[in-house]
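Student: One structure, as C-alpha cells, below. Some questions next.
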Amino acid sequence: MNRILLSIFLISFFPACLLAQDTGGEKPKKDLDWLQAYIADSLDNKEELLTHLENLPNIEVGKGITFRPKNNMYEMTLRFRMQNMVGLSFGDNFKLAGTDAQVKRLRLRFDGYIFSPKVLYSIQLGFSGYDAAVLPNGNMNIIRDAIVYYRHNAAWNIGFGQTKIKANRARVNSSSALQFVDRSIVNSEFNVDRDFGLFGEYNYGSFDKFALSAKASVTLGDGRNWNSSGIAGFAYTGRLELYPFGRFHGNGELMEGDVAYEEKVKMMIAGAYHFNDNAQRLQGTKGSIMPDGQSKDLNSYFVDFILKYRGFATCIDYMGRYVADPFFKENGDFVFTGSGLNVQASYLFDGKWEIAARNSTIFTDSRLYGIADYKRWNQTTLGVTRYLIGHSLKIQFDISYNYFLAPLDPDYDRWMMRFQVELGL
C-alpha cells in the first residue's frame, strides 16, 4: 500500500518539478505524458513494480561505491584511481637531461561476490600507456587482474585467474599505497609480476597474538595476458609471513608508512622463493623474449621485514635472481643475475605529513662484470608526502641521486626529481 501511495505522490509531485524547470517547451509535456503512462501501467502491475523496487541496489559511498541488491545475491564495489606525475632527470653538473610528464597510472577496479559471500572476484583494468603497453608477443595488456576466489572462511582461500604473484612485499604492496612516487629500482629489476594460474592462501592468528600467512601459486610463468606458451614448464611460488606481535591494523603489511598509527609494535618477517621452469622472457614474468626461442630456468628469492610503531615505519627488502648459465653464447645476450637490497624508513606527523628516506642498491653477479651496464647501482631517495585522505588522496615529492660503480656508459642521469598527485575512490 505504501508503494502505491508513493506512486501517487510521484504522479502529483514530479510533473510539478518538470514544469518548474521549463514551462515554455514541448519536452516537459512529453516527459509528463510518459511519466503518467508509466506509473499508470505500474499501478496495473503493482507486483512487478514492487519486485523491481525491492531489487534496486543500495549505494554506499566510502571506500569505493558498493552496489548490493536487497536479496544480497551479489555485491560489486567500484573503484578508480589515477596518478598524475611529472619528473625531471639531470645529468652530470645538474644539467637537465629529460622531462617526463604523464598519467602514470589510470585504473578501474571491480571487487565483490556473486551468489555467495564465499565466491569472490576481483577485476582491475589499466588504461595509461604505462599500464597497457603492448606485450612482446603482440598481445593487448589492459587486463591487470581477473580472478575468482573461493573463500571457505577467514583462514584459507583459493583463487583461479590472473593476479599478482605473492612473492615480495614491495610488489604485493599496491602502487596506490606507496610513500614514494614509485617503487624502488631493486623491486623493478627482481620482482615477479602478475601471472595466470592457481593461487592458495592460509592465514592464522589475530591482531594481538602471533600470526602467520602461507601463500603459494602455480602459474603459467610468462606474465599477465601472455595467454599461451609453446614451451613446457610452469612457475612455482611459495611465501611465508610471520607476525610475532600480531597482524597490522588497516592492512598495514600492504601499505607503506604507519598511516594506521600502530599503538603497539607490529612486525612482519617474510621469505619467498620463485622457480620459473623454462622461462622464455628475460625477467621471467616480464621483460623481452629470450633470443632464438631459447628458455632458461630462473630462480628468484625474497626476504622482507616491516616494523611500525606510533607513526614510525621501516621496511627492508632483499631479493635476487639466479640462473645457472645466464649467457646466450650465440649473440652475447644474457639474463641479468644478481641481488638487491632496499632499506627505507619514515615518520608520519599528525597523520598528515610524512618524511621518508630510501636507499636501494643492485649488486650485479660477478659473472656479468664488464658485460652488464654496471657492477653496482645505488639510488638514494628522500621523499615528502602530504596525506589528505590517507593513501586515497595525497601529494608526493621525492628527489633521488644515482651512483653507478664501473658503468659502461659514464654519462648517466645523476639526479631525479618527481612530483605526483594520487587520487582514488
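As shown in the C-alpha cells, the chain order sets the letters A, B, ...; within each chain, residues go from 1, and ligands are also counted from 1 in the order they appear.
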Which residues, written as a list in words, have at least one atom at most 10 Å from Asp145 of chain A, with only C-alpha atoms counted and residues fewer than 3 positions away on the same chain left out?

Tutor: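 Final neighbour list, sorted by chain and number: Arg109, Phe110, Tyr121, Ser122, Ile123, Gln124, Leu125, Gly126, Ile142, Val148, Gly161, Gln162, Thr163, Lys164, Arg194, Asp195, Phe196, Arg224 and Asn225 of chain A.
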
Student: Residues within 7 Å of Arg358 of chain A, please, as a list in words. Count only C-alpha atoms; anything in the same chain fewer than 2 positions from it doesn't count.

Tutor: Val343, Gln344, Ala345, Ala356, Ser360, Thr380, Thr381 and Leu382 of chain A

Student: Would you please give, as a VMD selection string, all residues of segment 188-397 of chain A that DSSP assigns to strand (DSSP E or B) based on the backbone?

Tutor: chain A and resid 194 to 204 211 to 219 235 to 243 266 to 279 281 289 296 to 309 312 to 322 327 to 328 333 to 334 338 to 349 353 to 364 376 to 389 391 393 to 397

Student: How many Å lie between atom CA of Ala235 of chain A and atom CA of Thr285 of chain A, rounded to one decimal?

Tutor: 9.0 Å

Student: At a cut-off of 12 Å, can you tabulate as a Markdown table every residue of segment 259-332 of chain A near segment 130-140 of chain A together with its closest atom pair and the distance in Å to one decimal, using only C-alpha atoms and ordering rows by chain then number?

Tutor:
| residue | atom | partner | partner_atom | distance |
| --- | --- | --- | --- | --- |
| A:Gln280 | CA | A:Pro136 | CA | 11.1 |
| A:Arg281 | CA | A:Pro136 | CA | 9.2 |
| A:Leu282 | CA | A:Pro136 | CA | 11.3 |
| A:Thr285 | CA | A:Leu135 | CA | 11.2 |
| A:Lys286 | CA | A:Leu135 | CA | 8.9 |
| A:Gly287 | CA | A:Pro136 | CA | 8.0 |
| A:Ser288 | CA | A:Pro136 | CA | 6.2 |
| A:Ile289 | CA | A:Pro136 | CA | 6.7 |
| A:Met290 | CA | A:Pro136 | CA | 10.5 |
| A:Gly293 | CA | A:Asn137 | CA | 12.0 |

Student: If you keep N, CA, C and O atoms, can you produce a file of those selected residues as an mmCIF file, in the first residue's frame?

Tutor:
data_model
loop_
_atom_site.group_PDB
_atom_site.id
_atom_site.type_symbol
_atom_site.label_atom_id
_atom_site.label_comp_id
_atom_site.auth_asym_id
_atom_site.auth_seq_id
_atom_site.Cartn_x
_atom_site.Cartn_y
_atom_site.Cartn_z
ATOM 1 N N GLN A 280 60.696 -18.060 -20.802
ATOM 2 C CA GLN A 280 61.064 -17.586 -22.144
ATOM 3 C C GLN A 280 61.197 -16.073 -22.222
ATOM 4 O O GLN A 280 61.440 -15.533 -23.292
ATOM 5 N N ARG A 281 61.037 -15.374 -21.062
ATOM 6 C CA ARG A 281 61.275 -13.938 -21.018
ATOM 7 C C ARG A 281 62.466 -13.662 -20.101
ATOM 8 O O ARG A 281 62.711 -14.406 -19.143
ATOM 9 N N LEU A 282 63.191 -12.588 -20.361
ATOM 10 C CA LEU A 282 64.458 -12.335 -19.672
ATOM 11 C C LEU A 282 64.287 -12.129 -18.174
ATOM 12 O O LEU A 282 65.207 -12.376 -17.404
ATOM 13 N N THR A 285 58.491 -13.368 -15.687
ATOM 14 C CA THR A 285 57.116 -12.941 -15.954
ATOM 15 C C THR A 285 57.045 -11.574 -16.619
ATOM 16 O O THR A 285 55.953 -11.031 -16.801
ATOM 17 N N LYS A 286 58.177 -11.018 -16.991
ATOM 18 C CA LYS A 286 58.199 -9.731 -17.690
ATOM 19 C C LYS A 286 59.495 -9.621 -18.472
ATOM 20 O O LYS A 286 60.357 -10.507 -18.406
ATOM 21 N N GLY A 287 59.651 -8.551 -19.208
ATOM 22 C CA GLY A 287 60.861 -8.349 -19.987
ATOM 23 C C GLY A 287 60.729 -8.865 -21.407
ATOM 24 O O GLY A 287 59.696 -9.387 -21.835
ATOM 25 N N SER A 288 61.804 -8.714 -22.162
ATOM 26 C CA SER A 288 61.829 -9.138 -23.561
ATOM 27 C C SER A 288 61.882 -10.661 -23.677
ATOM 28 O O SER A 288 62.218 -11.368 -22.721
ATOM 29 N N ILE A 289 61.564 -11.149 -24.868
ATOM 30 C CA ILE A 289 61.652 -12.581 -25.135
ATOM 31 C C ILE A 289 63.115 -12.972 -25.293
ATOM 32 O O ILE A 289 63.910 -12.250 -25.902
ATOM 33 N N MET A 290 63.477 -14.109 -24.742
ATOM 34 C CA MET A 290 64.856 -14.599 -24.893
ATOM 35 C C MET A 290 65.152 -14.861 -26.359
ATOM 36 O O MET A 290 64.266 -15.286 -27.115
ATOM 37 N N GLY A 293 64.276 -18.132 -29.482
ATOM 38 C CA GLY A 293 63.338 -19.082 -28.920
ATOM 39 C C GLY A 293 63.883 -19.921 -27.781
ATOM 40 O O GLY A 293 63.319 -20.972 -27.441
#
